[in-house]
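Enquirer: Sharing structure29.cif here; it has mmCIF, C-alpha atoms.
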```
data_target
#
loop_
_atom_site.group_PDB
_atom_site.id
_atom_site.type_symbol
_atom_site.label_atom_id
_atom_site.label_comp_id
_atom_site.auth_asym_id
_atom_site.auth_seq_id
_atom_site.Cartn_x
_atom_site.Cartn_y
_atom_site.Cartn_z
ATOM 1 C CA MET A 1 -67.069 -211.942 44.346
ATOM 2 C CA MET A 2 -65.640 -210.504 47.548
ATOM 3 C CA GLN A 3 -67.328 -207.165 46.839
ATOM 4 C CA LYS A 4 -70.685 -208.898 46.408
ATOM 5 C CA ILE A 5 -70.283 -210.626 49.783
ATOM 6 C CA LYS A 6 -69.483 -207.296 51.414
ATOM 7 C CA ASN A 7 -72.501 -205.654 49.827
ATOM 8 C CA LEU A 8 -74.735 -208.513 50.930
ATOM 9 C CA ALA A 9 -73.424 -208.320 54.473
ATOM 10 C CA TYR A 10 -74.036 -204.566 54.473
ATOM 11 C CA LEU A 11 -77.606 -205.067 53.323
ATOM 12 C CA VAL A 12 -78.232 -207.693 55.996
ATOM 13 C CA VAL A 13 -76.912 -205.391 58.739
ATOM 14 C CA CYS A 14 -78.986 -202.468 57.452
ATOM 15 C CA SER A 15 -82.085 -204.653 57.301
ATOM 16 C CA VAL A 16 -81.569 -205.843 60.874
ATOM 17 C CA LEU A 17 -81.055 -202.283 62.087
ATOM 18 C CA LEU A 18 -84.111 -201.004 60.260
ATOM 19 C CA TYR A 19 -86.207 -203.848 61.641
ATOM 20 C CA SER A 20 -84.895 -203.239 65.148
ATOM 21 C CA CYS A 21 -85.613 -199.518 64.927
ATOM 22 C CA GLY A 22 -89.062 -200.196 63.493
ATOM 23 C CA GLU A 23 -89.810 -202.711 66.210
ATOM 24 C CA TYR A 24 -88.588 -200.340 68.916
ATOM 25 C CA GLN A 25 -90.712 -197.434 67.648
ATOM 26 C CA LYS A 26 -93.750 -199.681 67.318
ATOM 27 C CA VAL A 27 -93.432 -200.922 70.907
ATOM 28 C CA LEU A 28 -92.627 -197.424 72.206
ATOM 29 C CA ASN A 29 -95.689 -195.868 70.614
ATOM 30 C CA LYS A 30 -98.283 -198.652 70.602
ATOM 31 C CA GLY A 31 -96.978 -201.560 72.658
ATOM 32 C CA SER A 32 -98.599 -202.849 75.813
ATOM 33 C CA SER A 33 -96.927 -202.127 79.139
ATOM 34 C CA GLU A 34 -95.572 -205.685 79.215
ATOM 35 C CA GLU A 35 -94.123 -205.321 75.708
ATOM 36 C CA GLN A 36 -92.594 -201.986 76.609
ATOM 37 C CA TYR A 37 -91.067 -203.481 79.761
ATOM 38 C CA LYS A 38 -89.506 -206.348 77.808
ATOM 39 C CA MET A 39 -88.213 -203.966 75.144
ATOM 40 C CA ALA A 40 -86.772 -201.633 77.808
ATOM 41 C CA VAL A 41 -84.877 -204.527 79.380
ATOM 42 C CA LYS A 42 -83.663 -205.590 75.931
ATOM 43 C CA MET A 43 -82.408 -202.067 75.173
ATOM 44 C CA TYR A 44 -80.719 -201.952 78.581
ATOM 45 C CA GLU A 45 -78.986 -205.305 78.071
ATOM 46 C CA THR A 46 -77.781 -204.305 74.586
ATOM 47 C CA GLN A 47 -76.448 -201.038 76.077
ATOM 48 C CA GLU A 48 -78.845 -198.785 74.171
ATOM 49 C CA TYR A 49 -79.433 -196.796 77.314
ATOM 50 C CA SER A 50 -81.124 -193.701 75.900
ATOM 51 C CA LYS A 51 -83.782 -195.895 74.274
ATOM 52 C CA ALA A 52 -84.177 -197.878 77.476
ATOM 53 C CA ILE A 53 -84.701 -194.672 79.448
ATOM 54 C CA ARG A 54 -87.506 -193.522 77.134
ATOM 55 C CA LEU A 55 -89.337 -196.800 77.609
ATOM 56 C CA PHE A 56 -88.780 -196.915 81.367
ATOM 57 C CA GLU A 57 -90.205 -193.393 81.644
ATOM 58 C CA LYS A 58 -93.400 -194.583 79.962
ATOM 59 C CA ILE A 59 -93.926 -197.675 82.072
ATOM 60 C CA THR A 60 -92.782 -196.427 85.493
ATOM 61 C CA PRO A 61 -96.215 -195.056 86.525
ATOM 62 C CA LEU A 62 -97.815 -198.377 85.549
ATOM 63 C CA TYR A 63 -95.384 -200.555 87.545
ATOM 64 C CA ARG A 64 -95.334 -198.639 90.824
ATOM 65 C CA GLY A 65 -95.984 -201.039 93.690
ATOM 66 C CA LYS A 66 -95.272 -204.109 91.527
ATOM 67 C CA PRO A 67 -92.333 -206.535 92.022
ATOM 68 C CA GLN A 68 -90.648 -205.361 88.791
ATOM 69 C CA MET A 69 -90.336 -201.809 90.107
ATOM 70 C CA GLU A 70 -87.157 -202.490 92.076
ATOM 71 C CA ARG A 71 -85.407 -203.769 88.969
ATOM 72 C CA ILE A 72 -86.790 -200.905 86.862
ATOM 73 C CA GLU A 73 -85.526 -198.213 89.237
ATOM 74 C CA PHE A 74 -82.048 -199.704 89.355
ATOM 75 C CA MET A 75 -81.865 -200.008 85.564
ATOM 76 C CA VAL A 76 -83.088 -196.423 85.147
ATOM 77 C CA ALA A 77 -80.371 -195.173 87.500
ATOM 78 C CA GLN A 78 -77.719 -197.311 85.808
ATOM 79 C CA SER A 79 -78.858 -196.180 82.353
ATOM 80 C CA ASN A 80 -78.559 -192.527 83.328
ATOM 81 C CA PHE A 81 -75.142 -193.203 84.820
ATOM 82 C CA ASN A 82 -73.983 -194.828 81.580
ATOM 83 C CA GLU A 83 -75.397 -191.889 79.634
ATOM 84 C CA LYS A 84 -73.316 -189.587 81.887
ATOM 85 C CA ASN A 85 -76.363 -187.947 83.450
ATOM 86 C CA TYR A 86 -74.468 -188.072 86.728
ATOM 87 C CA GLY A 87 -76.469 -185.590 88.774
ATOM 88 C CA PHE A 88 -79.670 -187.465 87.973
ATOM 89 C CA SER A 89 -78.177 -190.939 88.474
ATOM 90 C CA GLY A 90 -76.799 -189.857 91.861
ATOM 91 C CA PHE A 91 -80.280 -188.843 92.954
ATOM 92 C CA GLN A 92 -81.835 -192.034 91.557
ATOM 93 C CA PHE A 93 -79.337 -194.405 93.160
ATOM 94 C CA ASP A 94 -79.796 -192.560 96.452
ATOM 95 C CA ARG A 95 -83.570 -192.902 96.178
ATOM 96 C CA PHE A 96 -83.145 -196.606 95.375
ATOM 97 C CA THR A 97 -81.151 -197.243 98.585
ATOM 98 C CA ASN A 98 -83.841 -195.489 100.630
ATOM 99 C CA SER A 99 -86.743 -197.230 98.889
ATOM 100 C CA TYR A 100 -85.343 -200.792 98.822
ATOM 101 C CA THR A 101 -83.564 -201.191 102.122
ATOM 102 C CA LYS A 102 -83.390 -205.000 101.827
ATOM 103 C CA SER A 103 -82.316 -205.116 98.185
ATOM 104 C CA SER A 104 -79.237 -207.112 97.214
ATOM 105 C CA LYS A 105 -78.339 -204.106 95.058
ATOM 106 C CA LYS A 106 -78.414 -201.609 97.938
ATOM 107 C CA GLU A 107 -74.659 -201.506 98.560
ATOM 108 C CA GLU A 108 -73.869 -201.162 94.866
ATOM 109 C CA ALA A 109 -76.463 -198.407 94.530
ATOM 110 C CA ALA A 110 -75.035 -196.548 97.542
ATOM 111 C CA PHE A 111 -71.547 -196.570 96.031
ATOM 112 C CA LEU A 112 -72.794 -195.545 92.585
ATOM 113 C CA SER A 113 -74.809 -192.719 94.117
ATOM 114 C CA ALA A 114 -71.693 -191.287 95.762
ATOM 115 C CA TYR A 115 -69.613 -191.877 92.643
ATOM 116 C CA SER A 116 -72.255 -190.188 90.473
ATOM 117 C CA TYR A 117 -72.193 -187.102 92.679
ATOM 118 C CA LYS A 118 -68.404 -187.071 92.459
ATOM 119 C CA LEU A 119 -68.499 -187.176 88.665
ATOM 120 C CA ALA A 120 -71.198 -184.494 88.644
ATOM 121 C CA SER A 121 -69.237 -182.137 90.891
ATOM 122 C CA PRO A 122 -67.538 -179.285 89.038
ATOM 123 C CA ARG A 123 -63.994 -178.029 89.421
ATOM 124 C CA PHE A 124 -63.226 -176.511 92.827
ATOM 125 C CA SER A 125 -63.679 -172.887 91.697
ATOM 126 C CA ILE A 126 -67.401 -173.360 91.019
ATOM 127 C CA ASP A 127 -70.309 -173.714 93.462
ATOM 128 C CA PRO A 128 -69.323 -176.542 95.854
ATOM 129 C CA THR A 129 -72.860 -177.821 96.586
ATOM 130 C CA LYS A 130 -72.572 -180.987 94.467
ATOM 131 C CA THR A 131 -69.050 -181.627 95.716
ATOM 132 C CA ARG A 132 -70.290 -181.425 99.298
ATOM 133 C CA LYS A 133 -73.048 -183.887 98.426
ATOM 134 C CA ALA A 134 -70.470 -186.324 97.032
ATOM 135 C CA LEU A 135 -68.358 -186.034 100.194
ATOM 136 C CA ASP A 136 -71.352 -186.722 102.446
ATOM 137 C CA ALA A 137 -72.426 -189.675 100.259
ATOM 138 C CA PHE A 138 -68.987 -191.320 100.400
ATOM 139 C CA GLN A 139 -68.788 -190.707 104.153
ATOM 140 C CA GLU A 140 -72.142 -192.448 104.600
ATOM 141 C CA PHE A 141 -71.027 -195.358 102.396
ATOM 142 C CA ILE A 142 -67.785 -195.754 104.380
ATOM 143 C CA ASN A 143 -69.698 -195.722 107.671
ATOM 144 C CA THR A 144 -72.398 -198.130 106.457
ATOM 145 C CA TYR A 145 -70.211 -200.610 104.533
ATOM 146 C CA PRO A 146 -66.790 -200.723 106.260
ATOM 147 C CA ASP A 147 -66.156 -204.255 104.927
ATOM 148 C CA SER A 148 -67.183 -203.557 101.340
ATOM 149 C CA ASP A 149 -64.820 -204.563 98.558
ATOM 150 C CA LYS A 150 -65.308 -200.957 97.399
ATOM 151 C CA ILE A 151 -64.073 -199.443 100.676
ATOM 152 C CA GLU A 152 -60.549 -198.697 99.430
ATOM 153 C CA GLU A 153 -61.923 -196.961 96.371
ATOM 154 C CA ALA A 154 -64.464 -195.068 98.473
ATOM 155 C CA ASN A 155 -61.745 -193.858 100.864
ATOM 156 C CA LYS A 156 -59.628 -192.688 97.937
ATOM 157 C CA TYR A 157 -62.501 -190.704 96.421
ATOM 158 C CA TYR A 158 -63.446 -189.286 99.830
ATOM 159 C CA ALA A 159 -59.895 -187.971 100.291
ATOM 160 C CA GLU A 160 -59.877 -186.446 96.794
ATOM 161 C CA ILE A 161 -63.200 -184.683 97.339
ATOM 162 C CA ARG A 162 -62.224 -183.449 100.801
ATOM 163 C CA THR A 163 -59.057 -181.881 99.389
ATOM 164 C CA LYS A 164 -61.109 -180.279 96.638
ATOM 165 C CA LEU A 165 -63.560 -178.776 99.139
ATOM 166 C CA GLU A 166 -60.825 -177.580 101.491
ATOM 167 C CA LYS A 167 -59.260 -175.638 98.640
ATOM 168 C CA LYS A 168 -62.632 -174.254 97.608
ATOM 169 C CA TYR A 169 -63.574 -172.991 101.077
ATOM 170 C CA PHE A 170 -60.083 -171.613 101.661
ATOM 171 C CA GLU A 171 -60.256 -169.634 98.419
ATOM 172 C CA ILE A 172 -63.739 -168.347 99.309
ATOM 173 C CA ALA A 173 -62.475 -167.073 102.673
ATOM 174 C CA LYS A 174 -59.457 -165.391 101.045
ATOM 175 C CA THR A 175 -61.713 -163.757 98.459
ATOM 176 C CA TYR A 176 -63.819 -162.246 101.243
ATOM 177 C CA TYR A 177 -60.646 -160.879 102.829
ATOM 178 C CA ARG A 178 -59.265 -159.469 99.572
ATOM 179 C CA THR A 179 -62.518 -157.646 98.802
ATOM 180 C CA ALA A 180 -63.068 -156.268 102.314
ATOM 181 C CA GLY A 181 -61.396 -153.018 101.352
ATOM 182 C CA TYR A 182 -64.394 -152.325 99.116
ATOM 183 C CA ASP A 183 -67.016 -153.661 101.520
ATOM 184 C CA LEU A 184 -66.213 -153.710 105.245
ATOM 185 C CA ARG A 185 -68.843 -156.404 105.823
ATOM 186 C CA ASN A 186 -66.490 -158.814 104.086
ATOM 187 C CA TYR A 187 -64.091 -158.675 107.043
ATOM 188 C CA LYS A 188 -66.776 -160.371 109.132
ATOM 189 C CA ALA A 189 -67.535 -162.763 106.274
ATOM 190 C CA ALA A 190 -63.839 -163.650 105.940
ATOM 191 C CA ILE A 191 -63.448 -164.293 109.666
ATOM 192 C CA GLN A 192 -66.521 -166.539 109.689
ATOM 193 C CA ALA A 193 -65.382 -168.374 106.531
ATOM 194 C CA PHE A 194 -61.950 -169.108 108.019
ATOM 195 C CA ASP A 195 -63.611 -170.291 111.246
ATOM 196 C CA ASN A 196 -65.901 -172.612 109.246
ATOM 197 C CA LEU A 197 -62.953 -174.061 107.328
ATOM 198 C CA LEU A 198 -61.006 -174.759 110.510
ATOM 199 C CA GLU A 199 -64.049 -176.293 112.206
ATOM 200 C CA ASP A 200 -65.260 -178.417 109.275
ATOM 201 C CA PHE A 201 -61.837 -179.666 108.162
ATOM 202 C CA LEU A 202 -59.840 -180.496 111.249
ATOM 203 C CA GLY A 203 -56.220 -181.065 110.312
ATOM 204 C CA THR A 204 -56.568 -179.241 107.002
ATOM 205 C CA LYS A 205 -53.306 -178.548 105.206
ATOM 206 C CA TYR A 206 -54.410 -174.905 105.028
ATOM 207 C CA LYS A 207 -54.624 -174.560 108.815
ATOM 208 C CA GLU A 208 -51.555 -172.382 109.355
ATOM 209 C CA GLU A 209 -52.389 -170.051 106.494
ATOM 210 C CA ALA A 210 -56.077 -169.943 107.483
ATOM 211 C CA LEU A 211 -55.200 -168.992 111.068
ATOM 212 C CA TYR A 212 -52.877 -166.277 109.795
ATOM 213 C CA PHE A 213 -55.388 -164.760 107.395
ATOM 214 C CA ARG A 214 -58.089 -165.037 110.052
ATOM 215 C CA LEU A 215 -55.822 -162.940 112.314
ATOM 216 C CA LYS A 216 -55.059 -160.524 109.480
ATOM 217 C CA ALA A 217 -58.764 -160.047 108.704
ATOM 218 C CA ALA A 218 -59.517 -159.398 112.394
ATOM 219 C CA HIS A 219 -56.542 -157.009 112.695
ATOM 220 C CA ASP A 220 -57.483 -155.006 109.593
ATOM 221 C CA PHE A 221 -61.115 -154.898 110.710
ATOM 222 C CA VAL A 222 -60.012 -153.270 113.977
ATOM 223 C CA LEU A 223 -58.077 -150.562 112.125
ATOM 224 C CA LYS A 224 -61.102 -149.795 109.934
ATOM 225 C CA SER A 225 -63.529 -149.673 112.892
ATOM 226 C CA THR A 226 -64.704 -146.678 114.884
ATOM 227 C CA ASP A 227 -63.290 -146.271 118.413
ATOM 228 C CA ARG A 228 -66.675 -147.213 119.875
ATOM 229 C CA ARG A 229 -66.501 -150.678 118.285
ATOM 230 C CA LYS A 230 -62.786 -151.329 118.545
ATOM 231 C CA LEU A 231 -62.348 -152.797 122.018
ATOM 232 C CA GLU A 232 -64.403 -155.964 121.433
ATOM 233 C CA ARG A 233 -62.813 -156.462 118.012
ATOM 234 C CA ILE A 234 -59.311 -155.980 119.422
ATOM 235 C CA GLU A 235 -59.922 -158.739 121.960
ATOM 236 C CA SER A 236 -61.138 -161.051 119.171
ATOM 237 C CA ALA A 237 -58.064 -160.273 117.061
ATOM 238 C CA ILE A 238 -55.687 -160.886 119.971
ATOM 239 C CA GLU A 239 -57.406 -164.231 120.560
ATOM 240 C CA ALA A 240 -56.795 -165.051 116.871
ATOM 241 C CA HIS A 241 -53.091 -164.326 117.394
ATOM 242 C CA GLU A 242 -53.051 -166.650 120.411
ATOM 243 C CA LYS A 243 -54.583 -169.469 118.338
ATOM 244 C CA LEU A 244 -51.944 -169.098 115.635
ATOM 245 C CA GLN A 245 -49.159 -168.936 118.218
ATOM 246 C CA ARG A 246 -50.505 -171.960 120.083
ATOM 247 C CA SER A 247 -50.901 -174.105 116.954
ATOM 248 C CA PHE A 248 -47.729 -172.973 115.161
ATOM 249 C CA PRO A 249 -45.174 -171.530 117.621
ATOM 250 C CA GLU A 250 -42.583 -171.325 114.828
ATOM 251 C CA SER A 251 -45.007 -170.212 112.120
ATOM 252 C CA LYS A 252 -43.592 -168.815 108.890
ATOM 253 C CA PHE A 253 -45.939 -165.894 109.561
ATOM 254 C CA LYS A 254 -44.595 -165.271 113.076
ATOM 255 C CA GLU A 255 -42.873 -161.953 112.382
ATOM 256 C CA SER A 256 -45.920 -160.488 110.629
ATOM 257 C CA ALA A 257 -48.308 -161.871 113.251
ATOM 258 C CA ASP A 258 -46.260 -160.486 116.144
ATOM 259 C CA GLY A 259 -46.177 -157.104 114.415
ATOM 260 C CA MET A 260 -49.972 -157.127 114.227
ATOM 261 C CA LEU A 261 -50.146 -158.045 117.925
ATOM 262 C CA VAL A 262 -48.041 -154.990 118.825
ATOM 263 C CA THR A 263 -50.382 -152.779 116.781
ATOM 264 C CA LEU A 264 -53.428 -154.292 118.483
ATOM 265 C CA GLN A 265 -51.978 -153.854 121.978
ATOM 266 C CA THR A 266 -51.027 -150.244 121.209
ATOM 267 C CA GLU A 267 -54.521 -149.573 119.926
ATOM 268 C CA LYS A 268 -56.030 -151.221 123.007
ATOM 269 C CA THR A 269 -53.944 -148.980 125.279
ATOM 270 C CA ARG A 270 -55.118 -145.914 123.361
ATOM 271 C CA ILE A 271 -58.780 -146.959 123.609
ATOM 272 C CA ASP A 272 -58.386 -147.718 127.344
ATOM 273 C CA VAL A 273 -56.946 -144.209 127.912
ATOM 274 C CA ILE A 274 -59.838 -142.621 126.019
ATOM 275 C CA ALA A 275 -62.339 -144.657 128.042
ATOM 276 C CA ALA A 276 -60.662 -143.679 131.327
ATOM 277 C CA GLU A 277 -60.650 -140.002 130.340
ATOM 278 C CA ARG A 278 -64.325 -140.200 129.450
ATOM 279 C CA ILE A 279 -65.167 -141.711 132.844
ATOM 280 C CA THR A 280 -63.199 -138.975 134.618
ATOM 281 C CA SER A 281 -64.940 -136.288 132.585
ATOM 282 C CA ASP A 282 -68.385 -137.768 133.348
ATOM 283 C CA ASN A 283 -67.599 -137.846 137.093
ATOM 284 C CA LEU A 284 -66.536 -134.222 137.075
ATOM 285 C CA LEU A 285 -69.733 -133.211 135.345
ATOM 286 C CA LYS A 286 -71.773 -134.979 138.004
ATOM 287 C CA GLN A 287 -70.115 -133.013 140.852
#
```
Re-express the file's structure as structure tokens.
Expert:
Amino acid sequence: MMQKIKNLAYLVVCSVLLYSCGEYQKVLNKGSSEEQYKMAVKMYETQEYSKAIRLFEKITPLYRGKPQMERIEFMVAQSNFNEKNYGFSGFQFDRFTNSYTKSSKKEEAAFLSAYSYKLASPRFSIDPTKTRKALDAFQEFINTYPDSDKIEEANKYYAEIRTKLEKKYFEIAKTYYRTAGYDLRNYKAAIQAFDNLLEDFLGTKYKEEALYFRLKAAHDFVLKSTDRRKLERIESAIEAHEKLQRSFPESKFKESADGMLVTLQTEKTRIDVIAAERITSDNLLKQ
């Protein structure tokens, strides 16, 4: 008897599912726009988000400019978020906040846009573009909604993303430095990358190390340069030493940094002597 009940229940469930699927396909393929809208909402509310998305895609062109469009765009964004299409949902939530500035859903959409970009951002060792987008989105949310009940969460995510980006940009700058022996242009790239890190992330935990490697890149660049180009680069490297000394008087890199300063000053003296001798020689030739 119990087995018969189970079999009957199974048949009922299968019948309902088959009917639901048949009804969905019928509306998807041949339903009116109103029927498709109602079915899309039904799929959304029953958490069948991929089916809802297919229907919303069909009716969106027909509902542009109509009152239902605000609700449709939010549900499309939310459906993609729930389907883990985070890059797309981030874009859609962002577009929603810009399109419906007076919507009661604007704050929620702004947070979900930033959160989507965070979830879409890869680990720190990969291209940081999406991570940067997430940071900017959370910063905008924090500035726009300082009293939001999501502000604590937003601040936490902002701090996480900032740390992630700091590490990324620091590693990029160090990679330029490490590869400069094969391509001298990378000394310039390393110096600029360390400058960008220090400018974009004031108070970064990598500041001391970044200042040191910025000095080291400038110092090594001087030693690899021709005499004609050295003087200007020596002055830049000495300035880098001054910045490290000023920011971290008792730096763990002090001994190494001071050794580089001695080398730079010695090289500057040598270049000054060569320049003076050249001037004297030119004057003699003119007589």
Enquirer: Got a sec to resolve the PyMOL selection byres ((chain A and resi 50) around 8) on this structure and send the residues as JSON, numbers by chain?
Expert: {"A": [48, 49, 51, 52, 53, 54, 79, 80, 83]}
Enquirer: For the structure provided, state which residues fall under the PyMOL selection byres ((chain A and resi 120) around 7), and present them as a PyMOL selection string.
Expert: chain A and resi 86-87+116-119+121-122+130
Enquirer: List the residues matched by the PyMOL selection byres ((chain A and resi 178-191) around 8) in the displayed structure as a PyMOL selection string, ordered by chain and then by residue number.
Expert: chain A and resi 173-177+192-195+214+217-218+220-221+224
Enquirer: If I take atom CA of Tyr212 of chain A and atom CA of Lys164 of chain A, how far is one from the other in Å, to one decimal?
Expert: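 Spanning atom CA of Tyr212 of chain A to atom CA of Lys164 of chain A is a straight-line distance of 20.9 Å.
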Enquirer: Using only C-alpha atoms, which residue out of A:Lys156, A:Lys84, A:Arg64, A:Lys230 lies closest to Thr269 of chain A?
Expert: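 The shortest atom-to-atom distance to Thr269 of chain A comes from A:Lys230.
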Enquirer: Considering all atoms listed in the file, return as a list in words whatever protein or nucleic-acid residues lie within 7 Å of segment 152-154 of chain A, sequence-local ones (same chain, fewer than 4 positions apart) excluded.
Expert: Phe138, Ile142 and Tyr158 of chain A
Enquirer: Near segment 246-261 of chain A, within 7 Å and counting all atoms listed in the file, which residues show up once chain neighbours fewer than 4 positions away are dropped, as a list in words?
Expert: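 Those residues are Glu208, Tyr212, His219, Ile238, His241, Glu242 and Gln265 of chain A.
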Enquirer: Show which residues sit within 12 Å of Arg270 of chain A, as a PDB file with C-alpha atoms, keeping the file's coordinate frame. Count only C-alpha atoms, and ignore same-chain residues fewer than 5 positions away.
Expert:
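Dumped to out-v1.pdb:
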```pdb
ATOM      1  CA  ASP A 227     -63.290-146.271 118.413  1.00  0.00           C
ATOM      2  CA  LYS A 230     -62.786-151.329 118.545  1.00  0.00           C
ATOM      3  CA  LEU A 231     -62.348-152.797 122.018  1.00  0.00           C
ATOM      4  CA  ILE A 234     -59.311-155.980 119.422  1.00  0.00           C
ATOM      5  CA  THR A 263     -50.382-152.779 116.781  1.00  0.00           C
ATOM      6  CA  LEU A 264     -53.428-154.292 118.483  1.00  0.00           C
ATOM      7  CA  GLN A 265     -51.978-153.854 121.978  1.00  0.00           C
ATOM      8  CA  ALA A 275     -62.339-144.657 128.042  1.00  0.00           C
ATOM      9  CA  ALA A 276     -60.662-143.679 131.327  1.00  0.00           C
ATOM     10  CA  GLU A 277     -60.650-140.002 130.340  1.00  0.00           C
TER      11      GLU A 277
END
```
Enquirer: Just how far from atom CA of Tyr169 of chain A is atom CA of Phe81 of chain A, in Å to one decimal?
Expert: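 That distance, rounded to one decimal, is 28.4 Å.
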Enquirer: Go ahead and compute the interatomic distance for atom CA of Ala40 of chain A and atom CA of Phe56 of chain A, in Å to one decimal.
Expert: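 Calculated distance between atom CA of Ala40 of chain A and atom CA of Phe56 of chain A is 6.2 Å.
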Enquirer: Taking only C-alpha atoms into account, name the residue in A:Phe141, A:Phe213, A:Tyr115, A:Phe170 that is nearest to Asp200 of chain A.
Expert: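 Checking each candidate against Asp200 of chain A, we get A:Phe170 as the closest.
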Enquirer: Which residues are near Phe111 of chain A? Cut-off 12 Å, all atoms listed in the file, ignore same chain within fewer than 5 positions. Put them as a JSON list (two decimals) with C-alpha atoms, in the frame of the given file.
Expert:
```json
[["chain", "number", "residue", "atom", "x", "y", "z"],
["A", 78, "GLN", "CA", -77.72, -197.31, 85.81],
["A", 89, "SER", "CA", -78.18, -190.94, 88.47],
["A", 90, "GLY", "CA", -76.80, -189.86, 91.86],
["A", 93, "PHE", "CA", -79.34, -194.40, 93.16],
["A", 94, "ASP", "CA", -79.80, -192.56, 96.45],
["A", 96, "PHE", "CA", -83.14, -196.61, 95.38],
["A", 97, "THR", "CA", -81.15, -197.24, 98.58],
["A", 105, "LYS", "CA", -78.34, -204.11, 95.06],
["A", 106, "LYS", "CA", -78.41, -201.61, 97.94],
["A", 116, "SER", "CA", -72.26, -190.19, 90.47],
["A", 117, "TYR", "CA", -72.19, -187.10, 92.68],
["A", 118, "LYS", "CA", -68.40, -187.07, 92.46],
["A", 134, "ALA", "CA", -70.47, -186.32, 97.03],
["A", 135, "LEU", "CA", -68.36, -186.03, 100.19],
["A", 136, "ASP", "CA", -71.35, -186.72, 102.45],
["A", 137, "ALA", "CA", -72.43, -189.68, 100.26],
["A", 138, "PHE", "CA", -68.99, -191.32, 100.40],
["A", 139, "GLN", "CA", -68.79, -190.71, 104.15],
["A", 140, "GLU", "CA", -72.14, -192.45, 104.60],
["A", 141, "PHE", "CA", -71.03, -195.36, 102.40],
["A", 142, "ILE", "CA", -67.78, -195.75, 104.38],
["A", 143, "ASN", "CA", -69.70, -195.72, 107.67],
["A", 144, "THR", "CA", -72.40, -198.13, 106.46],
["A", 145, "TYR", "CA", -70.21, -200.61, 104.53],
["A", 148, "SER", "CA", -67.18, -203.56, 101.34],
["A", 149, "ASP", "CA", -64.82, -204.56, 98.56],
["A", 150, "LYS", "CA", -65.31, -200.96, 97.40],
["A", 151, "ILE", "CA", -64.07, -199.44, 100.68],
["A", 152, "GLU", "CA", -60.55, -198.70, 99.43],
["A", 153, "GLU", "CA", -61.92, -196.96, 96.37],
["A", 154, "ALA", "CA", -64.46, -195.07, 98.47],
["A", 155, "ASN", "CA", -61.74, -193.86, 100.86],
["A", 157, "TYR", "CA", -62.50, -190.70, 96.42],
["A", 158, "TYR", "CA", -63.45, -189.29, 99.83]]
```
Enquirer: Could you pull out every residue with an atom within 7 Å of (-57.0, -172.3, 103.2), file coordinates, counting all atoms listed in the file, and send them as an MDAnalysis selection string?
Expert: chainID A and resid 166:167 169:171 206:207 209:210
Enquirer: Let me make sure I understand: among A:Val27, A:Arg278, A:Ala159, A:Met75, which one has the smallest atom-to-atom distance to Glu45 of chain A if we use all atoms listed in the file?
Expert: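 Looking only at the distances to Glu45 of chain A, the closest residue turns out to be A:Met75.
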